[in-house]
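Q: Pasting a structure below so you can have a look.
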Amino acid sequence: MYLLAVESSCDETSAAVICAGEREDGALQLKILSNRIASQIPLHTVYGGVVPEIASRAHAEAVSSLTYEALEEAGVSLSEIGAVGVTAYPGLIGALLVGVNFAKSLAYANNIPLVPVCHIFGHIAANYFTHEELRPPFLALVASGGHTSIVHVRSYTDFETIGRTRDDAIGEAFDKVARVMGMPYPGGAEMDRIAYEGNAAALKLPSAAINDDTLDFSFSGLKTAVINHLNTLSQKGLSYERADIAASFTAAVTSSVVKKLDAALKETGETKLVIAGGVAANSHIRRALEEYCSRRRHLRLYLPDRALCGDNAAMIAAQAYFEYKAGVRGDTTLNARAVL
Ligand code: KG4
Ligand code: ZN
């Protein structure tokens, strides 16, 4: 079947068409036919972060034309679409409402089933495009600008969040440290690049893995430790190497992530580890997890295609397919929700 999906939870408007189904042997088949993304980053860069009202307006301007472009690129007409998926939660409420209201009208006017999708579970579903053989159950780390959680994926539609950040998300911490060093928003990808040129032992930093028996993180303390260090240096008129800060911060983030994932794998007994979200594009985290899994023969690591790590509607369409098959439907009363 063909699915159309709309994503507008933060600073990317996206519309995608996918073809989803099962082969005769039951194997899943997912194909992206179009995945249009209109990034708002240039609009927000001047403010150093996402401005919710500007985000909502830009979504409203882009969503309709982007959807028709996605259909045209896919070569699929609305009458052939079997379900319309839409990100309904979590995210910026005004931004979400644009996508939800647009998808509701489109589905209602064309008599197509509407399927609300959780943005976080959509990120996880991006992995099914890259790894056709991947099947739940597995453990997933979702790390983005707005969310950081460890999710026990029991089936395609049964998720339990077993660990989470108690304050900042990983991407948010990357972006804030980058901003204090004068790098443009969002600085995560640039931090990844310059960390190769720095000394990871230059700065001793606290762990973000909370030292208790939970699977929770706190990235705020780690971020503040870096920012305080930079402020102290600047008050004393001393300079620093951005690369050293990026390398030290990245090393602290990476070891914290590995520590809690190790505990989560032991606690759940899962043997498959999946990562998802914008920060899943980070090459240092990817490499550390590859090393971690290669030293444990019973574990298998699934890394999403870098192009599908960030916000996009194809991942929402993939999750919409599973939700659709499980009978999940939205109607004209569907509302957006800021929280999970
Ligand atoms: O998933 P996403 O596109 O949006 C949210 O749902 O938040 O994630 C965006 C976040 C930003 O904070 C961005 O700086 C971060 O992902 N990011 C990275 C990298 N690429 C994107 N962080 C670290 N390393 C990267 N390579
Ligand atoms: Zn996201």
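Residue numbering restarts at 1 for every chain of the structure tokens, chains are lettered A, B, ... in their displayed order, and ligands are numbered from 1 as they appear.
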Report as an mmCIF file with all heavy atoms, in the first residue's frame which protein, DNA and RNA residues come within 6 Å of ligand 2, using only C-alpha atoms and all ligand atoms.
A:
```cif
data_model
loop_
_atom_site.group_PDB
_atom_site.id
_atom_site.type_symbol
_atom_site.label_atom_id
_atom_site.label_comp_id
_atom_site.auth_asym_id
_atom_site.auth_seq_id
_atom_site.Cartn_x
_atom_site.Cartn_y
_atom_site.Cartn_z
ATOM 1 N N SER A 144 18.055 13.053 20.022
ATOM 2 C CA SER A 144 17.872 14.138 19.051
ATOM 3 C C SER A 144 18.006 15.475 19.756
ATOM 4 O O SER A 144 18.473 15.541 20.900
ATOM 5 C CB SER A 144 16.503 14.006 18.382
ATOM 6 O OG SER A 144 15.492 14.314 19.325
ATOM 7 N N GLY A 277 17.483 9.094 15.598
ATOM 8 C CA GLY A 277 17.420 10.529 15.901
ATOM 9 C C GLY A 277 18.612 11.273 15.328
ATOM 10 O O GLY A 277 19.605 10.652 14.924
ATOM 11 N N ASP A 311 14.990 14.783 11.297
ATOM 12 C CA ASP A 311 13.536 14.740 11.124
ATOM 13 C C ASP A 311 13.150 14.621 9.652
ATOM 14 O O ASP A 311 13.636 15.380 8.811
ATOM 15 C CB ASP A 311 12.916 16.017 11.712
ATOM 16 C CG ASP A 311 13.025 16.032 13.227
ATOM 17 O OD1 ASP A 311 13.356 14.985 13.811
ATOM 18 O OD2 ASP A 311 12.779 17.099 13.818
#
```
Q: Can you work out which residues are within 9 Å of ligand 1, considering only C-alpha atoms and all ligand atoms, and then hand them over as an NGL selection string?
A: :A and (9-12 or 91 or 119-120 or 123 or 142-147 or 169-176 or 178 or 185-193 or 250 or 276-285 or 306 or 308-312)
Q: Looking only at the backbone, which of the residues in region 84-238 of chain A does DSSP tag as helix (DSSP H, G or I), as an MDAnalysis selection string?
A: chainID A and resid 93:109 119:130 170:180 188:197 219:235
Q: Could you please determine the separation between CA of His131 (chain A) and CA of Ser8 (chain A) in Å, to one decimal place?
A: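 CA of Ser8 (chain A) lies 25.3 Å from CA of His131 (chain A).
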Q: Applying 6 Å and only C-alpha atoms, which residues near region 77-82 of chain A remain after dropping the ones on its own chain fewer than 3 positions away? List them as a list of chain:residue names.
A: A:Met1, A:Tyr2, A:Leu3
Q: Report as a ChimeraX atom specification all protein, DNA and RNA residues lying within 12 Å of Ile37 (chain A), evaluated on only C-alpha atoms, omitting residues in the same chain fewer than 3 positions from it.
A: /A:5-8,11-16,34,40-41,59,62-63,65-67,69-70,307-308,310-314
Q: Go through A:Tyr89, A:Phe159, A:Phe102, A:Phe249 one by one, measure the shortest atom-to-atom distance of each to His229 (chain A) using only C-alpha atoms, and give the residue with the smallest value.
A: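 Of all the options, A:Phe249 lies closest to His229 (chain A).
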Q: Looking at A:Val177, A:Ala317, A:Val257, A:Leu301, which one is nearest to Ser207 (chain A), with distances taken over only C-alpha atoms?
A: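 Among A:Val177, A:Ala317, A:Val257, A:Leu301, it is A:Val257 that comes nearest to Ser207 (chain A).
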Q: Measure the distance from CA of Ser105 (chain A) to CA of Asp331 (chain A) in Å and round it to one decimal.
A: 9.8 Å
Q: Pick from A:Cys118, A:Ala20, A:Ala243, A:Ala107: nearest to Pro90 (chain A), with only C-alpha atoms counted?
A: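 Between A:Cys118, A:Ala20, A:Ala243, A:Ala107, the residue approaching Pro90 (chain A) most closely is A:Cys118.
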Q: CA of Ile316 (chain A) and CA of Ala27 (chain A) are how many Å apart?
A: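 Separation between CA of Ile316 (chain A) and CA of Ala27 (chain A): 19.9 Å.
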Q: Determine which residues of region 78-119 of chain A DSSP labels as strand (DSSP E or B) from the backbone of this structure, then write them out as a PyMOL selection string.
A: chain A and resi 81-89+114-118
Q: Show which residues sit within 12 Å of His298 (chain A), as a list in words. Count only C-alpha atoms, and ignore same-chain residues fewer than 6 positions away.
A: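 The residues satisfying every condition are Leu265, Lys266, Gly269, Glu270, Thr271, Lys272, Leu273 and Tyr292 of chain A.
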Q: Which residue out of A:Gly122, A:Glu61, A:Glu53, A:Leu215 has the minimum interatomic distance to Ile93 (chain A) when only C-alpha atoms are used?
A: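 Checking each candidate against Ile93 (chain A), we get A:Glu53 as the closest.
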Q: Can you tell me which residues surround Leu139 (chain A) at a distance of at most 6 Å, considering only C-alpha atoms, apart from same-chain residues fewer than 5 positions away, and format the answer as a count of residues only?
A: 4
Q: With distances taken over only C-alpha atoms, which of A:Asn35, A:Thr45, A:Ser256, A:Thr232 is nearest to Gly182 (chain A)?
A: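 For Gly182 (chain A), the nearest of the candidates is A:Thr45.
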Q: Excluding Thr333 (chain A) and any residue of its chain fewer than 4 positions from it, enumerate the residues within 12 Å of it, using only C-alpha atoms, and give them as a PyMOL selection string.
A: chain A and resi 100-101+104-105+108+114+116+329
Q: How would the residues just picked look written out with all heavy atoms as a JSON list (two decimals), in the first residue's frame?
A:
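Output contents, as saved in selection.json:
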```json
[["chain", "number", "residue", "atom", "x", "y", "z"],
["A", 100, "VAL", "N", -0.87, 18.44, 11.90],
["A", 100, "VAL", "CA", -2.05, 17.65, 12.29],
["A", 100, "VAL", "C", -3.30, 18.19, 11.58],
["A", 100, "VAL", "O", -4.08, 17.41, 11.01],
["A", 100, "VAL", "CB", -2.23, 17.65, 13.83],
["A", 100, "VAL", "CG1", -3.61, 17.15, 14.23],
["A", 100, "VAL", "CG2", -1.16, 16.78, 14.48],
["A", 101, "ASN", "N", -3.48, 19.50, 11.59],
["A", 101, "ASN", "CA", -4.68, 20.05, 10.95],
["A", 101, "ASN", "C", -4.67, 19.87, 9.45],
["A", 101, "ASN", "O", -5.69, 19.58, 8.83],
["A", 101, "ASN", "CB", -4.86, 21.53, 11.34],
["A", 101, "ASN", "CG", -5.36, 21.63, 12.77],
["A", 101, "ASN", "OD1", -6.17, 20.83, 13.21],
["A", 101, "ASN", "ND2", -4.85, 22.59, 13.53],
["A", 104, "LYS", "N", -5.37, 16.14, 8.81],
["A", 104, "LYS", "CA", -6.79, 15.85, 9.10],
["A", 104, "LYS", "C", -7.67, 16.27, 7.93],
["A", 104, "LYS", "O", -8.53, 15.51, 7.48],
["A", 104, "LYS", "CB", -7.23, 16.65, 10.35],
["A", 104, "LYS", "CG", -7.05, 15.93, 11.63],
["A", 104, "LYS", "CD", -7.95, 16.41, 12.75],
["A", 104, "LYS", "CE", -7.80, 17.83, 13.18],
["A", 104, "LYS", "NZ", -8.32, 18.09, 14.53],
["A", 105, "SER", "N", -7.46, 17.49, 7.44],
["A", 105, "SER", "CA", -8.29, 17.99, 6.34],
["A", 105, "SER", "C", -8.09, 17.15, 5.08],
["A", 105, "SER", "O", -9.05, 16.78, 4.40],
["A", 105, "SER", "CB", -7.93, 19.44, 5.98],
["A", 105, "SER", "OG", -7.61, 20.15, 7.11],
["A", 108, "TYR", "N", -9.71, 13.71, 5.60],
["A", 108, "TYR", "CA", -11.18, 13.80, 5.66],
["A", 108, "TYR", "C", -11.76, 14.11, 4.28],
["A", 108, "TYR", "O", -12.70, 13.45, 3.82],
["A", 108, "TYR", "CB", -11.58, 14.87, 6.67],
["A", 108, "TYR", "CG", -13.07, 15.01, 6.87],
["A", 108, "TYR", "CD1", -13.78, 14.00, 7.52],
["A", 108, "TYR", "CD2", -13.76, 16.11, 6.40],
["A", 108, "TYR", "CE1", -15.15, 14.11, 7.70],
["A", 108, "TYR", "CE2", -15.13, 16.23, 6.57],
["A", 108, "TYR", "CZ", -15.82, 15.22, 7.22],
["A", 108, "TYR", "OH", -17.17, 15.32, 7.39],
["A", 114, "LEU", "N", -6.75, 8.19, 8.61],
["A", 114, "LEU", "CA", -5.73, 9.06, 9.22],
["A", 114, "LEU", "C", -5.07, 8.30, 10.37],
["A", 114, "LEU", "O", -5.75, 7.67, 11.17],
["A", 114, "LEU", "CB", -6.43, 10.32, 9.75],
["A", 114, "LEU", "CG", -5.57, 11.35, 10.50],
["A", 114, "LEU", "CD1", -4.57, 12.01, 9.57],
["A", 114, "LEU", "CD2", -6.47, 12.42, 11.14],
["A", 116, "PRO", "N", -2.36, 8.83, 13.52],
["A", 116, "PRO", "CA", -1.43, 9.64, 14.31],
["A", 116, "PRO", "C", -0.19, 8.84, 14.68],
["A", 116, "PRO", "O", -0.28, 7.65, 14.99],
["A", 116, "PRO", "CB", -2.25, 9.98, 15.57],
["A", 116, "PRO", "CG", -3.32, 8.96, 15.65],
["A", 116, "PRO", "CD", -3.56, 8.40, 14.28],
["A", 329, "ARG", "N", -6.26, 4.69, 14.46],
["A", 329, "ARG", "CA", -6.85, 5.68, 13.55],
["A", 329, "ARG", "C", -7.06, 7.00, 14.28],
["A", 329, "ARG", "O", -7.33, 7.03, 15.48],
["A", 329, "ARG", "CB", -8.25, 5.22, 13.05],
["A", 329, "ARG", "CG", -8.26, 3.92, 12.28],
["A", 329, "ARG", "CD", -7.65, 4.07, 10.87],
["A", 329, "ARG", "NE", -7.76, 2.82, 10.14],
["A", 329, "ARG", "CZ", -6.89, 1.80, 10.21],
["A", 329, "ARG", "NH1", -5.83, 1.91, 10.99],
["A", 329, "ARG", "NH2", -7.08, 0.70, 9.50]]
```
Q: Select, from A:Arg166, A:Arg57, A:Ala288, A:Asn199, the residue with the minimum atom-to-atom distance to Phe219 (chain A), counting only C-alpha atoms.
A: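 When distances to Phe219 (chain A) are compared using only C-alpha atoms, the smallest one comes from A:Arg166.
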